[in-house]
Amino acid sequence: MASVERMGLGWDVGAPLGRARCLGGGFIAERSFRQADRIRVNDRIRAREIRVVDEDGGQLGVMPPFEAIKLARERGLDLVEISPTADPPVCKITDYGKYLYQTNKKAHEQRKHQKGSQLKEVKFRPATAEHDYQVRKNQIIRFLADGHKVKAMIFHRGREMAHQEVGRAKMNRLLQEIADHALVEIGPRMEANIMMALLAPKKGGSAKSPAAPAAGQA
């Protein structure tokens with residue numbers, strides 16, 4: 001194979017696809033492999049024996065890869081390794097292009113969900129008025145319904161630190177009133193002058209977001 005090194009550029013063209021190495025200066029640049037490069041298919045499957053399932057999930061038993069590849073080709077399909085860490089590895093007779101599309105789509109949806117979830121902060125005071133308390137409580141419920149985590153915080157200032165039981169009573173009331181929507185992951189606990197609790201959406205909880213109370217409503 002002709003080498004770029006012969007032209008004095010010092011690049012190793014024999015390196016695996018997706019990776020480039022500079023032989024002369026010690027510089028290494030690597031590109032992360034795409035998911036397709038990590039999935040073994042057909043003749044790239046190296047295990048001595050594999051467990052094979054068909055396109056409908058039916059079990060075809062344990063066999064050498066060449067036998068499974070023969071079965072796949074008879075059906076006009078591919079043999080795709082879907083569980084390489086199993087013993088023996090599990091391979092599926094399927095359309096490789098369709099399998100790759102579905103796998104990438106699932107990964108995209110997972111990344112989209114992770115990106116959409118955020119940590120929200122809602123702040124109270126021990127002396128927060130009833131109307132403002134209701135507004136903030138309903139805001140927490142809406143955040144949870146949208147799939148976000150919430151840090152509920154009660155700030156104490158000055159003499160309020162000497163009466164932390166007031167803030168704790170308000171936090172306990174809050175947690176009780178949103179119990180159908182929230183799972184308490186941390187707290188309630190004091191951090192400096194702040195009583196906080198970390199809340200997560202509760203599986204199976206109410207997904208309905210409450211309407212904000214009208215101005216002046218107690």
# chains A, B, ... in the order shown; residues from 1 in each chain; ligands from 1
call {"tool": "residues_around", "arguments": {"residues": "Val52 in chain A", "least_positions_apart": "3", "cutoff": "8 Å", "atoms": "only C-alpha atoms", "output": "list in words"}}
result
Gln59, Leu60, Gly61, Val62, Met63, Ala68, Val90, Cys91, Lys92 and Ile93 of chain A
call {"tool": "write_last_selection", "arguments": {"atoms": "C-alpha atoms", "output": "PDB file, in the first residue's frame"}}
result
ATOM      1  CA  GLN A  59     -34.443 -17.888  19.281  1.00  0.00           C
ATOM      2  CA  LEU A  60     -32.433 -19.794  16.666  1.00  0.00           C
ATOM      3  CA  GLY A  61     -29.899 -21.222  19.112  1.00  0.00           C
ATOM      4  CA  VAL A  62     -26.105 -21.123  19.480  1.00  0.00           C
ATOM      5  CA  MET A  63     -23.991 -21.598  16.365  1.00  0.00           C
ATOM      6  CA  ALA A  68     -25.715 -17.482  11.089  1.00  0.00           C
ATOM      7  CA  VAL A  90     -26.045 -12.250  20.951  1.00  0.00           C
ATOM      8  CA  CYS A  91     -26.530 -11.497  17.269  1.00  0.00           C
ATOM      9  CA  LYS A  92     -29.679 -10.683  15.347  1.00  0.00           C
ATOM     10  CA  ILE A  93     -30.666 -11.435  11.786  1.00  0.00           C
TER      11      ILE A  93
END
call {"tool": "closest_atom_pairs", "arguments": {"of": "range 106-159 of chain A", "to": "range 166-179 of chain A", "cutoff": "10 Å", "atoms": "only C-alpha atoms", "output": "Markdown table"}}
result
| residue | atom | partner | partner_atom | distance |
| --- | --- | --- | --- | --- |
| A:Phe124 | CA | A:Gly167 | CA | 8.9 |
| A:Arg125 | CA | A:Gly167 | CA | 7.3 |
| A:Pro126 | CA | A:Gly167 | CA | 4.6 |
| A:Ala127 | CA | A:Gly167 | CA | 8.1 |
| A:Thr128 | CA | A:Lys170 | CA | 9.1 |
| A:Tyr133 | CA | A:Leu174 | CA | 8.9 |
| A:Gln134 | CA | A:Leu174 | CA | 9.4 |
| A:Arg136 | CA | A:Leu174 | CA | 9.8 |
| A:Lys137 | CA | A:Leu174 | CA | 7.1 |
| A:Asn138 | CA | A:Ile178 | CA | 8.8 |
| A:Ile140 | CA | A:Ile178 | CA | 8.5 |
| A:Ile141 | CA | A:Ile178 | CA | 7.0 |
| A:Leu144 | CA | A:Ile178 | CA | 9.9 |
| A:Ala152 | CA | A:Met171 | CA | 8.3 |
| A:Met153 | CA | A:Met171 | CA | 8.4 |
| A:Ile154 | CA | A:Gly167 | CA | 6.5 |
| A:Phe155 | CA | A:Gly167 | CA | 8.2 |
| A:His156 | CA | A:Gly167 | CA | 7.7 |
call {"tool": "write_last_selection", "arguments": {"atoms": "N, CA and C atoms", "output": "mmCIF file, in the first residue's frame"}}
result
data_model
loop_
_atom_site.group_PDB
_atom_site.id
_atom_site.type_symbol
_atom_site.label_atom_id
_atom_site.label_comp_id
_atom_site.auth_asym_id
_atom_site.auth_seq_id
_atom_site.Cartn_x
_atom_site.Cartn_y
_atom_site.Cartn_z
ATOM 1 N N PHE A 124 -38.162 30.908 48.763
ATOM 2 C CA PHE A 124 -39.146 31.372 49.730
ATOM 3 C C PHE A 124 -38.410 32.120 50.845
ATOM 4 N N ARG A 125 -39.198 32.770 51.686
ATOM 5 C CA ARG A 125 -38.730 33.313 52.966
ATOM 6 C C ARG A 125 -39.612 32.730 54.070
ATOM 7 N N PRO A 126 -39.137 32.673 55.307
ATOM 8 C CA PRO A 126 -40.005 32.189 56.384
ATOM 9 C C PRO A 126 -41.302 32.982 56.480
ATOM 10 N N ALA A 127 -41.251 34.265 56.117
ATOM 11 C CA ALA A 127 -42.431 35.125 56.226
ATOM 12 C C ALA A 127 -43.112 35.356 54.878
ATOM 13 N N THR A 128 -42.858 34.490 53.887
ATOM 14 C CA THR A 128 -43.514 34.651 52.586
ATOM 15 C C THR A 128 -45.033 34.646 52.760
ATOM 16 N N TYR A 133 -46.724 32.376 48.484
ATOM 17 C CA TYR A 133 -46.429 30.957 48.742
ATOM 18 C C TYR A 133 -47.146 30.063 47.733
ATOM 19 N N GLN A 134 -48.429 30.325 47.485
ATOM 20 C CA GLN A 134 -49.201 29.516 46.553
ATOM 21 C C GLN A 134 -48.646 29.635 45.130
ATOM 22 N N ARG A 136 -45.541 30.263 44.243
ATOM 23 C CA ARG A 136 -44.290 29.526 44.148
ATOM 24 C C ARG A 136 -44.518 28.017 44.209
ATOM 25 N N LYS A 137 -45.463 27.587 45.029
ATOM 26 C CA LYS A 137 -45.773 26.161 45.103
ATOM 27 C C LYS A 137 -46.267 25.646 43.758
ATOM 28 N N ASN A 138 -47.174 26.396 43.132
ATOM 29 C CA ASN A 138 -47.693 25.988 41.830
ATOM 30 C C ASN A 138 -46.616 26.026 40.753
ATOM 31 N N ILE A 140 -43.476 25.252 41.286
ATOM 32 C CA ILE A 140 -42.739 24.007 41.492
ATOM 33 C C ILE A 140 -43.470 22.838 40.843
ATOM 34 N N ILE A 141 -44.787 22.786 41.030
ATOM 35 C CA ILE A 141 -45.568 21.692 40.456
ATOM 36 C C ILE A 141 -45.482 21.713 38.934
ATOM 37 N N LEU A 144 -42.046 20.390 37.844
ATOM 38 C CA LEU A 144 -42.006 18.937 37.986
ATOM 39 C C LEU A 144 -42.802 18.254 36.878
ATOM 40 N N ALA A 152 -35.988 23.635 46.096
ATOM 41 C CA ALA A 152 -36.814 24.549 46.882
ATOM 42 C C ALA A 152 -35.954 25.102 48.017
ATOM 43 N N MET A 153 -35.933 26.440 48.169
ATOM 44 C CA MET A 153 -35.040 27.072 49.138
ATOM 45 C C MET A 153 -35.794 28.093 49.983
ATOM 46 N N ILE A 154 -35.527 28.076 51.273
ATOM 47 C CA ILE A 154 -36.083 29.081 52.186
ATOM 48 C C ILE A 154 -34.921 29.857 52.784
ATOM 49 N N PHE A 155 -34.828 31.130 52.435
ATOM 50 C CA PHE A 155 -33.728 31.980 52.880
ATOM 51 C C PHE A 155 -34.047 32.604 54.243
ATOM 52 N N HIS A 156 -33.083 32.526 55.152
ATOM 53 C CA HIS A 156 -33.204 33.148 56.477
ATOM 54 C C HIS A 156 -32.233 34.322 56.570
#
call {"tool": "atom_distance", "arguments": {"atom1": "CA of Asn193 in chain A", "atom2": "CA of Glu121 in chain A"}}
result
15.9 Å
call {"tool": "select_by_dssp", "arguments": {"residues": "range 51-89 of chain A", "states": "strand (DSSP E)", "output": "number ranges by chain"}}
result
A: 51-53, 59-63, 78-83
call {"tool": "select_by_dssp", "arguments": {"residues": "range 74-131 of chain A", "states": "alpha helix (DSSP H)", "output": "list in words"}}
result
Glu74, Tyr96, Gly97, Lys98, Tyr99, Leu100, Tyr101, Gln102, Thr103, Asn104, Lys105, Lys106, Ala107, His108, Glu109, Gln110, Arg111, Lys112, His113, Gln114, Lys115, Gly116, Glu130 and His131 of chain A
call {"tool": "closest_residue", "arguments": {"among": "A:Leu71, A:Lys151, A:Glu81, A:Asp54", "to": "Thr94 in chain A", "atoms": "only C-alpha atoms"}}
result
A:Asp54
call {"tool": "closest_residue", "arguments": {"among": "A:Leu79, A:Val150, A:Met161, A:Ile194", "to": "Val41 in chain A", "atoms": "only C-alpha atoms"}}
result
A:Leu79
call {"tool": "closest_residue", "arguments": {"among": "A:Glu165, A:Asp146, A:Asp132, A:Asp43", "to": "Leu119 in chain A", "atoms": "only C-alpha atoms"}}
result
A:Asp146
call {"tool": "closest_residue", "arguments": {"among": "A:Gly57, A:Pro188, A:Pro65, A:Pro201", "to": "Lys120 in chain A", "atoms": "only C-alpha atoms"}}
result
A:Pro201
call {"tool": "closest_residue", "arguments": {"among": "A:Phe143, A:Ala192, A:Asp180, A:Tyr96", "to": "Arg157 in chain A", "atoms": "only C-alpha atoms"}}
result
A:Ala192
call {"tool": "residues_around", "arguments": {"residues": "Arg40 in chain A", "least_positions_apart": "3", "cutoff": "8 Å", "atoms": "only C-alpha atoms", "output": "list of chain:residue names"}}
result
A:Asp37, A:Arg44, A:Ile45, A:Val80, A:Glu81
call {"tool": "atom_distance", "arguments": {"atom1": "CA of Glu130 in chain A", "atom2": "CA of Lys203 in chain A"}}
result
28.5 Å
call {"tool": "decode", "arguments": {"residues": "range 165-180 of chain A", "atoms": "all heavy atoms", "output": "PDB file, in the first residue's frame"}}
result
ATOM      1  N   GLU A 165     -37.270  27.144  63.156  1.00  0.00           N
ATOM      2  CA  GLU A 165     -38.444  26.278  63.152  1.00  0.00           C
ATOM      3  C   GLU A 165     -39.566  26.838  62.274  1.00  0.00           C
ATOM      4  O   GLU A 165     -40.396  26.092  61.752  1.00  0.00           O
ATOM      5  CB  GLU A 165     -38.959  26.059  64.582  1.00  0.00           C
ATOM      6  CG  GLU A 165     -39.557  27.289  65.267  1.00  0.00           C
ATOM      7  CD  GLU A 165     -38.525  28.203  65.894  1.00  0.00           C
ATOM      8  OE1 GLU A 165     -37.311  27.933  65.733  1.00  0.00           O
ATOM      9  OE2 GLU A 165     -38.935  29.173  66.557  1.00  0.00           O
ATOM     10  N   VAL A 166     -39.572  28.177  62.085  1.00  0.00           N
ATOM     11  CA  VAL A 166     -40.594  28.791  61.223  1.00  0.00           C
ATOM     12  C   VAL A 166     -40.366  28.381  59.770  1.00  0.00           C
ATOM     13  O   VAL A 166     -41.294  27.977  59.051  1.00  0.00           O
ATOM     14  CB  VAL A 166     -40.577  30.324  61.368  1.00  0.00           C
ATOM     15  CG1 VAL A 166     -41.607  30.956  60.426  1.00  0.00           C
ATOM     16  CG2 VAL A 166     -40.851  30.730  62.811  1.00  0.00           C
ATOM     17  N   GLY A 167     -39.104  28.482  59.351  1.00  0.00           N
ATOM     18  CA  GLY A 167     -38.781  28.073  57.984  1.00  0.00           C
ATOM     19  C   GLY A 167     -38.978  26.585  57.772  1.00  0.00           C
ATOM     20  O   GLY A 167     -39.471  26.150  56.727  1.00  0.00           O
ATOM     21  N   ARG A 168     -38.623  25.778  58.790  1.00  0.00           N
ATOM     22  CA  ARG A 168     -38.803  24.335  58.662  1.00  0.00           C
ATOM     23  C   ARG A 168     -40.283  23.971  58.570  1.00  0.00           C
ATOM     24  O   ARG A 168     -40.660  23.073  57.792  1.00  0.00           O
ATOM     25  CB  ARG A 168     -38.151  23.618  59.838  1.00  0.00           C
ATOM     26  CG  ARG A 168     -38.253  22.096  59.752  1.00  0.00           C
ATOM     27  CD  ARG A 168     -37.375  21.422  60.778  1.00  0.00           C
ATOM     28  NE  ARG A 168     -35.965  21.637  60.493  1.00  0.00           N
ATOM     29  CZ  ARG A 168     -35.253  20.908  59.645  1.00  0.00           C
ATOM     30  NH1 ARG A 168     -35.841  19.923  58.973  1.00  0.00           N
ATOM     31  NH2 ARG A 168     -33.977  21.144  59.458  1.00  0.00           N
ATOM     32  N   ALA A 169     -41.120  24.646  59.319  1.00  0.00           N
ATOM     33  CA  ALA A 169     -42.556  24.382  59.251  1.00  0.00           C
ATOM     34  C   ALA A 169     -43.099  24.702  57.862  1.00  0.00           C
ATOM     35  O   ALA A 169     -43.941  23.968  57.325  1.00  0.00           O
ATOM     36  CB  ALA A 169     -43.288  25.201  60.315  1.00  0.00           C
ATOM     37  N   LYS A 170     -42.597  25.796  57.266  1.00  0.00           N
ATOM     38  CA  LYS A 170     -43.063  26.151  55.915  1.00  0.00           C
ATOM     39  C   LYS A 170     -42.586  25.117  54.902  1.00  0.00           C
ATOM     40  O   LYS A 170     -43.326  24.725  53.986  1.00  0.00           O
ATOM     41  CB  LYS A 170     -42.550  27.547  55.537  1.00  0.00           C
ATOM     42  CG  LYS A 170     -43.170  28.086  54.234  1.00  0.00           C
ATOM     43  CD  LYS A 170     -42.750  29.513  53.991  1.00  0.00           C
ATOM     44  CE  LYS A 170     -43.375  30.472  54.978  1.00  0.00           C
ATOM     45  NZ  LYS A 170     -44.834  30.650  54.745  1.00  0.00           N
ATOM     46  N   MET A 171     -41.332  24.639  55.043  1.00  0.00           N
ATOM     47  CA  MET A 171     -40.816  23.617  54.132  1.00  0.00           C
ATOM     48  C   MET A 171     -41.594  22.317  54.271  1.00  0.00           C
ATOM     49  O   MET A 171     -41.960  21.693  53.267  1.00  0.00           O
ATOM     50  CB  MET A 171     -39.326  23.375  54.399  1.00  0.00           C
ATOM     51  CG  MET A 171     -38.699  22.278  53.537  1.00  0.00           C
ATOM     52  SD  MET A 171     -38.633  22.718  51.762  1.00  0.00           S
ATOM     53  CE  MET A 171     -37.198  23.800  51.768  1.00  0.00           C
ATOM     54  N   ASN A 172     -41.872  21.909  55.502  1.00  0.00           N
ATOM     55  CA  ASN A 172     -42.633  20.674  55.721  1.00  0.00           C
ATOM     56  C   ASN A 172     -44.034  20.773  55.118  1.00  0.00           C
ATOM     57  O   ASN A 172     -44.553  19.811  54.550  1.00  0.00           O
ATOM     58  CB  ASN A 172     -42.727  20.365  57.214  1.00  0.00           C
ATOM     59  CG  ASN A 172     -41.386  19.911  57.792  1.00  0.00           C
ATOM     60  OD1 ASN A 172     -40.504  19.459  57.057  1.00  0.00           O
ATOM     61  ND2 ASN A 172     -41.226  20.035  59.099  1.00  0.00           N
ATOM     62  N   ARG A 173     -44.645  21.949  55.261  1.00  0.00           N
ATOM     63  CA  ARG A 173     -45.965  22.157  54.656  1.00  0.00           C
ATOM     64  C   ARG A 173     -45.873  22.031  53.132  1.00  0.00           C
ATOM     65  O   ARG A 173     -46.719  21.377  52.502  1.00  0.00           O
ATOM     66  CB  ARG A 173     -46.496  23.539  55.034  1.00  0.00           C
ATOM     67  CG  ARG A 173     -47.812  23.879  54.342  1.00  0.00           C
ATOM     68  CD  ARG A 173     -48.184  25.338  54.512  1.00  0.00           C
ATOM     69  NE  ARG A 173     -49.337  25.681  53.687  1.00  0.00           N
ATOM     70  CZ  ARG A 173     -49.800  26.918  53.516  1.00  0.00           C
ATOM     71  NH1 ARG A 173     -49.198  27.941  54.137  1.00  0.00           N
ATOM     72  NH2 ARG A 173     -50.852  27.136  52.749  1.00  0.00           N
ATOM     73  N   LEU A 174     -44.845  22.644  52.558  1.00  0.00           N
ATOM     74  CA  LEU A 174     -44.668  22.588  51.107  1.00  0.00           C
ATOM     75  C   LEU A 174     -44.526  21.148  50.632  1.00  0.00           C
ATOM     76  O   LEU A 174     -45.204  20.723  49.687  1.00  0.00           O
ATOM     77  CB  LEU A 174     -43.440  23.406  50.696  1.00  0.00           C
ATOM     78  CG  LEU A 174     -43.028  23.299  49.228  1.00  0.00           C
ATOM     79  CD1 LEU A 174     -44.065  23.968  48.333  1.00  0.00           C
ATOM     80  CD2 LEU A 174     -41.652  23.935  49.009  1.00  0.00           C
ATOM     81  N   LEU A 175     -43.647  20.395  51.280  1.00  0.00           N
ATOM     82  CA  LEU A 175     -43.401  19.014  50.863  1.00  0.00           C
ATOM     83  C   LEU A 175     -44.657  18.164  51.003  1.00  0.00           C
ATOM     84  O   LEU A 175     -44.909  17.272  50.177  1.00  0.00           O
ATOM     85  CB  LEU A 175     -42.256  18.421  51.674  1.00  0.00           C
ATOM     86  CG  LEU A 175     -40.892  19.103  51.503  1.00  0.00           C
ATOM     87  CD1 LEU A 175     -39.834  18.389  52.322  1.00  0.00           C
ATOM     88  CD2 LEU A 175     -40.489  19.196  50.042  1.00  0.00           C
ATOM     89  N   GLN A 176     -45.451  18.440  52.018  1.00  0.00           N
ATOM     90  CA  GLN A 176     -46.694  17.699  52.200  1.00  0.00           C
ATOM     91  C   GLN A 176     -47.694  18.016  51.101  1.00  0.00           C
ATOM     92  O   GLN A 176     -48.372  17.123  50.579  1.00  0.00           O
ATOM     93  CB  GLN A 176     -47.289  18.004  53.575  1.00  0.00           C
ATOM     94  CG  GLN A 176     -48.557  17.210  53.882  1.00  0.00           C
ATOM     95  CD  GLN A 176     -49.099  17.510  55.273  1.00  0.00           C
ATOM     96  OE1 GLN A 176     -48.551  18.331  56.002  1.00  0.00           O
ATOM     97  NE2 GLN A 176     -50.182  16.839  55.648  1.00  0.00           N
ATOM     98  N   GLU A 177     -47.774  19.278  50.711  1.00  0.00           N
ATOM     99  CA  GLU A 177     -48.783  19.693  49.736  1.00  0.00           C
ATOM    100  C   GLU A 177     -48.414  19.305  48.302  1.00  0.00           C
ATOM    101  O   GLU A 177     -49.297  19.265  47.432  1.00  0.00           O
ATOM    102  CB  GLU A 177     -49.003  21.204  49.843  1.00  0.00           C
ATOM    103  CG  GLU A 177     -49.667  21.610  51.160  1.00  0.00           C
ATOM    104  CD  GLU A 177     -49.897  23.110  51.279  1.00  0.00           C
ATOM    105  OE1 GLU A 177     -49.463  23.854  50.368  1.00  0.00           O
ATOM    106  OE2 GLU A 177     -50.508  23.536  52.275  1.00  0.00           O
ATOM    107  N   ILE A 178     -47.140  19.043  48.031  1.00  0.00           N
ATOM    108  CA  ILE A 178     -46.735  18.645  46.676  1.00  0.00           C
ATOM    109  C   ILE A 178     -46.345  17.171  46.632  1.00  0.00           C
ATOM    110  O   ILE A 178     -45.738  16.708  45.654  1.00  0.00           O
ATOM    111  CB  ILE A 178     -45.569  19.514  46.152  1.00  0.00           C
ATOM    112  CG1 ILE A 178     -44.310  19.286  47.004  1.00  0.00           C
ATOM    113  CG2 ILE A 178     -45.963  20.987  46.123  1.00  0.00           C
ATOM    114  CD1 ILE A 178     -43.073  19.989  46.427  1.00  0.00           C
ATOM    115  N   ALA A 179     -46.700  16.415  47.656  1.00  0.00           N
ATOM    116  CA  ALA A 179     -46.279  15.017  47.763  1.00  0.00           C
ATOM    117  C   ALA A 179     -46.747  14.161  46.579  1.00  0.00           C
ATOM    118  O   ALA A 179     -46.094  13.181  46.228  1.00  0.00           O
ATOM    119  CB  ALA A 179     -46.786  14.415  49.078  1.00  0.00           C
ATOM    120  N   ASP A 180     -47.864  14.523  45.964  1.00  0.00           N
ATOM    121  CA  ASP A 180     -48.363  13.753  44.818  1.00  0.00           C
ATOM    122  C   ASP A 180     -47.533  13.995  43.561  1.00  0.00           C
ATOM    123  O   ASP A 180     -47.656  13.246  42.589  1.00  0.00           O
ATOM    124  CB  ASP A 180     -49.820  14.115  44.529  1.00  0.00           C
ATOM    125  CG  ASP A 180     -50.763  13.614  45.620  1.00  0.00           C
ATOM    126  OD1 ASP A 180     -50.363  12.699  46.368  1.00  0.00           O
ATOM    127  OD2 ASP A 180     -51.883  14.145  45.720  1.00  0.00           O
TER     128      ASP A 180
END
